[in-house]
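Written out below as structure tokens is the structure these notes cover.
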Amino acid sequence: MRIEITGETAGDEHAMERTFRGIGVSPGVARGRVYVFSMAEEVVPEYDITAEQIAQEISRFEQALVLTREQLHEIQKAIASGVGSSAPSSILDVHLSITEDPAMIEPVITRLGTEKKNVEFIFHGVARKYVSTLQALPDEFFRERAVDVQDVGRRILRNLLGKEHRGPRDLPPDTIIIAHDLIPSDTSSIDRDSVRGFATDVGSHTSHTAILARSMNLPAIVGLHDVSKHVHDGQLAILDGYEGILIVEPSEQTLFVYGQIEVKRQNVEDRLATLRDLPAQTLDGHRIILSGNIELPEDVPGLLDTGAEGIGLFRTEFLYLGNEFPTEEQQYQKYLEVARAVKPHSVIIRTLDLGGDKFQSDGSAPMEANPFLGFRAIRFCLAHPEVFEAQLRAILRASAEGNVKIMYPMICNVTEVIQANEILSQVEDDLRTRGVPFDEKIHVGTMMEVPSAALTAELIAKEVDFFSIGTNDLIQYTMALDRLNERVANLYEPTHPAILRLIRNCVESAHNNNIWCGVCGQIAGDPIYAPLLIGMGLDELSVDASSLSRVKEVVRRLTHKEAQELAAAALHATSGREVLAMLNALIQRIDPDLLN
Amino acid sequence: MASPKKTSGPVIKELVVINRLGIHARPAALFVKVSSKFQSSITVEKDGEQINGKSIMGLMMLAAGLGARLTLIIDGPDAEAALRELEELFKNKFNED
């Protein structure tokens with residue numbers, strides 16, 4: 001454990017402009033006040049105390065506990081009266097119970113006497129021990145509950161330190177969230193109205209922070225190394241998601257320069273906004289579907305504002321990552337809300353894709369040596385039919401609206417598709433018997449994100465109604481490349497000849513079987529790849545809200561013929577770099593100022 | 001399963017967890033809310049490990065999943081009533097599922 005003493009940073013630092021460079025993963029510029037969001041670590045002072053001071057430390061501890069309970073009761077009251085936090089009241093019961101737990105209080109009092117250290121230090125140690133014990137439990141539902149202990153532990157600690165406790169639920173307006181890393185359990189409860197942008201020490205284009213920011217249409221920067229240690233709550237900051245630059249305490253001059261840049265960018269945004277209601281169609285009349293990716297029903301209005309034709313990927317696992325596992329009814333309500341909101345377009349609901357990075361947080365032990373190759377997604381669902389069936393029932397019930405499709409993640413072979421479809425038809429039989437309405441003709445598709453599936457696409461195509469290629473995972477599995485490992489992330493190559501061949505195989509297999517094939521991975525949302533994907537015959541691109549209008553602009557300046565010629569040439573290229581050069585040249589020609 | 005003994009010693013009973021997600025945080029909080037109402041000492045044992053039944057951390061550490069067998073050892077003047085209420089919680093799947 002690392003202990004740091006507060007107050008080590010000089011006051012001068014606050015006044016000086018400082019620039020941090022990382023990777024811009026979601027475009028846009030935000031200005032706001034820094035909020036350092038640390039889930040795992042609070043900076044905890046450590047000092048010796050005398051025997052005479054023990055009683056005083058105990059009394060400080062008791063006061064902090066009383067204050068914590070009062071705060072929790074306040075939040076409960078606010079929830080009961082329908083204002084403020086959306087946290088389930090029962091979780092606050094858990095937090096309250098922890099503040100009263102003899103197993104939390106007694107070791108602190110005992111160790112104050114034996115170790116003679118300040119109470120913050122002792123309490124932090126006790127809480128950490130419980131958190132790490134919980135995180136080491138073999139069952140994932142129990143492991144997840146470590147978050148609650150962390151959360152209330154941090155609240156008590158902040159009260160001991162005399163700091164204001166702010167969870168992600170009660171942030172001041174215009175906040176720029178800065179963290180070491182963000183995991184879904186942190187961000188699922190973020191107060192969306194107050195946040196203007198995100199910046200993290202670690203991460204890549206495909207990490208959770210990036211995905212979240214793009215779905216919220218907010219700028220974000222990752223890979224800023226240790227920025228979270230160098231900034232403080234309340235500092236003014238400019239976050240430039242285009243350039244990947246975070247400027248803390250900007251000077252007057254910087255503010256002025258950014259003001260001008262913002263005007264220019266606003267002009268581009270205004271131009272793109274005029275495309276909103278125009279179709280995603282090439283100059284020679286080839287039409288594709290341009291839809292969007294979402295994580296939560298709250299993302300729908302922002303996405304539809306961009307002119308998206310429905311939702312090509314609804315990542316449902318985020319519903320599962322709050323403090324409670326969702327019931328069938330809760331899921332149904334969410335799916336119904338989305339289905340109704342996107343009409344007349346449709347929504348593709350991806351079944352649970354839990355596992356891998358979605359559960360890992362900084363500092364916690366990985367639960368599997370290779371989570372990306374482990375027990376997750378459809379593997380987890382087929383092994384836990386009760387969880388899978390509840391989700392399928394909820395989706396089917398919502399499908400009565402007539403515009404819902406189902407998609408299975410991480411399919412590796414056709415057998416898994418057949419097994420999942422069998423469970424689906426059992427659930428359908430059950431609903432039919434009970435007279436519960438659902439869409440009898442609901443379309444079912446698979447994610448194509450594992451090379452073994454992409455290579456056997458013609459077998460899978462016979463069992464489904466559509467494919468959606470998940471390029472992020474397809475690339476990482478094909479290239480044996482951990483996309484979250486900063487040291488190899490630069491090798492990540494969407495244009496690798498192997499990737500193009502796998503995509504081609506998916507598209508051809510789909511079309512030979514009269515089904516459609518789309519892409520919902522990261523490359524769909526990067527306008528530079530749009531000509532290649534269209535030329536290769538993709539029927540649908542599902543992108544993040546922040547990228548949609550940029551992709552549409554490229555599509556509308558392109559001819560289908562030149563896209564097909566480009567794709568043919570790309571498939572003959574010997575390296576990914578060569579393909580990238582072709583793509584850049586084409587964009588330079590048809591939409592040069594898009595890249596600035 | 002052993003039936004509750006009406007002796008001067010502790011009341012002991014084995015209960016099986018039947019809610020799907022086991023005794024995670026919320027059920028543990030509910031358990032502690034009930035157990036703390038009683039004067040009796042309440043010990044919960046799982047696979048030889050014993051914890052204080054009035055401690056939410058202790059209960060969470062047991063990681064009692066679906067199908068886990070827990071032995072309640074309740075000692076004190078209101079032991080019978082405590083067992084009745086706690087047994088009810090298990091039966092009602094901690095108001096889950």
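Ordering of the structure tokens sets the chain letters (A, B, ...), residue numbers begin anew at 1 in every chain, and ligands are numbered from 1 in the order given.
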Q | Neighbours of chain B in chain A at 8 Å, counting only C-alpha atoms, as a PyMOL selection string | A | chain A and resi 90-91+93-94+97-98+101-104+130+133-134+137+139+141-142+145+327
Could you give me, as a PDB file with C-alpha atoms, in the first residue's frame, each residue of stretch 259-308 of chain A that DSSP assigns to alpha helix (DSSP H) when run on this structure's backbone?
ATOM      1  CA  GLY A 259     -12.035  30.399 -27.204  1.00  0.00           C
ATOM      2  CA  GLN A 260     -11.055  30.949 -30.842  1.00  0.00           C
ATOM      3  CA  ILE A 261     -10.480  27.272 -31.552  1.00  0.00           C
ATOM      4  CA  GLU A 262     -13.872  26.526 -30.074  1.00  0.00           C
ATOM      5  CA  VAL A 263     -15.484  28.963 -32.488  1.00  0.00           C
ATOM      6  CA  LYS A 264     -13.815  27.267 -35.470  1.00  0.00           C
ATOM      7  CA  ARG A 265     -14.796  23.829 -34.300  1.00  0.00           C
ATOM      8  CA  GLN A 266     -18.283  25.025 -33.628  1.00  0.00           C
ATOM      9  CA  ASN A 267     -18.478  26.004 -37.308  1.00  0.00           C
ATOM     10  CA  VAL A 268     -17.572  22.449 -38.334  1.00  0.00           C
ATOM     11  CA  GLU A 269     -20.102  21.084 -35.836  1.00  0.00           C
ATOM     12  CA  ASP A 270     -22.764  23.406 -37.242  1.00  0.00           C
ATOM     13  CA  ARG A 271     -22.037  22.194 -40.764  1.00  0.00           C
ATOM     14  CA  LEU A 272     -22.266  18.573 -39.622  1.00  0.00           C
ATOM     15  CA  ALA A 273     -25.523  19.292 -37.823  1.00  0.00           C
ATOM     16  CA  VAL A 300     -30.976   7.524 -26.486  1.00  0.00           C
ATOM     17  CA  PRO A 301     -32.033  11.194 -26.792  1.00  0.00           C
ATOM     18  CA  GLY A 302     -28.434  12.358 -27.433  1.00  0.00           C
ATOM     19  CA  LEU A 303     -27.998   9.671 -30.050  1.00  0.00           C
ATOM     20  CA  LEU A 304     -31.258  10.397 -31.866  1.00  0.00           C
ATOM     21  CA  ASP A 305     -30.303  14.078 -31.908  1.00  0.00           C
TER      22      ASP A 305
END
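The smallest atom-to-atom distance between B:Ile73 and any of B:Leu86, B:Val34, B:Val11, B:Val17, using only C-alpha atoms, is found for B:Val11.
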Q | Residue nearest B:Leu83 - candidates B:Gln50, B:Asn19, B:Asn95, B:Ser41, atoms counted: only C-alpha atoms | A | B:Ser41
(Q) I'd like to know which residues of stretch 539-569 of chain A are strand (DSSP E or B) (by DSSP, run on the backbone); could you write them as a PyMOL selection string? (A) chain A and resi 540-543
Dump C-alpha atoms for the selected residues as a short mmCIF file (atom, residue, chain, number, x, y, z; two decimals), in the first residue's frame?
data_model
loop_
_atom_site.label_atom_id
_atom_site.label_comp_id
_atom_site.auth_asym_id
_atom_site.auth_seq_id
_atom_site.Cartn_x
_atom_site.Cartn_y
_atom_site.Cartn_z
CA GLU A 540 -24.85 -1.05 -41.52
CA LEU A 541 -22.44 0.95 -39.39
CA SER A 542 -23.30 1.41 -35.74
CA VAL A 543 -21.26 4.19 -34.18
#
Q.
I'd like the neighbourhood of A:Glu449 as a PyMOL selection string, where a residue qualifies if any of its atoms comes within 6 Å (using only C-alpha atoms), though same-chain residues fewer than 2 positions away should be ignored.
A. chain A and resi 447+469-470+473-474
Would you mind exporting C-alpha atoms of the selected residues as a PDB file, in the first residue's frame?
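Contents of the output file part_33.pdb:
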ATOM      1  CA  MET A 447     -21.589 -10.541 -32.813  1.00  0.00           C
ATOM      2  CA  ILE A 469     -18.806  -7.373 -36.508  1.00  0.00           C
ATOM      3  CA  GLY A 470     -17.279  -6.311 -33.211  1.00  0.00           C
ATOM      4  CA  ASP A 473     -12.359  -7.738 -29.950  1.00  0.00           C
ATOM      5  CA  LEU A 474     -11.902  -9.246 -33.413  1.00  0.00           C
TER       6      LEU A 474
END
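Interatomic distance, atom CA of A:Asp439 to atom CA of A:Arg315: 20.7 Å.
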Q) How many Å separate atom CA of A:Leu160 from atom CA of A:Gln63? A) 8.3 Å
Q: Within 12 Å of A:Leu424, counting only C-alpha atoms, which residues show up once you throw out same-chain ones fewer than 4 positions away? Write them as a ChimeraX atom specification, please.
A: /A:351,381-382,385-386,388-396,406-408,417-420,428-431,440,442-444
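Among B:Ser35, B:Gly48, B:Ile18, B:Gly9, the residue with the shortest atom-to-atom distance to B:Arg84, counting only C-alpha atoms, is B:Ser35.
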(Q) Just want the 9 Å neighbourhood of A:Arg196, counted on only C-alpha atoms, with same-chain residues fewer than 4 positions away dropped. Output as a PyMOL selection string. (A) chain A and resi 29-32+173-177+192+218-219+239
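Among the candidates A:Thr110, A:Lys116, A:Met410, A:Arg18, the one nearest to A:Gly374 when counting only C-alpha atoms is A:Met410.
Picture a line from atom CA of A:Cys520 to atom CA of A:Glu463; it runs 20.1 Å.
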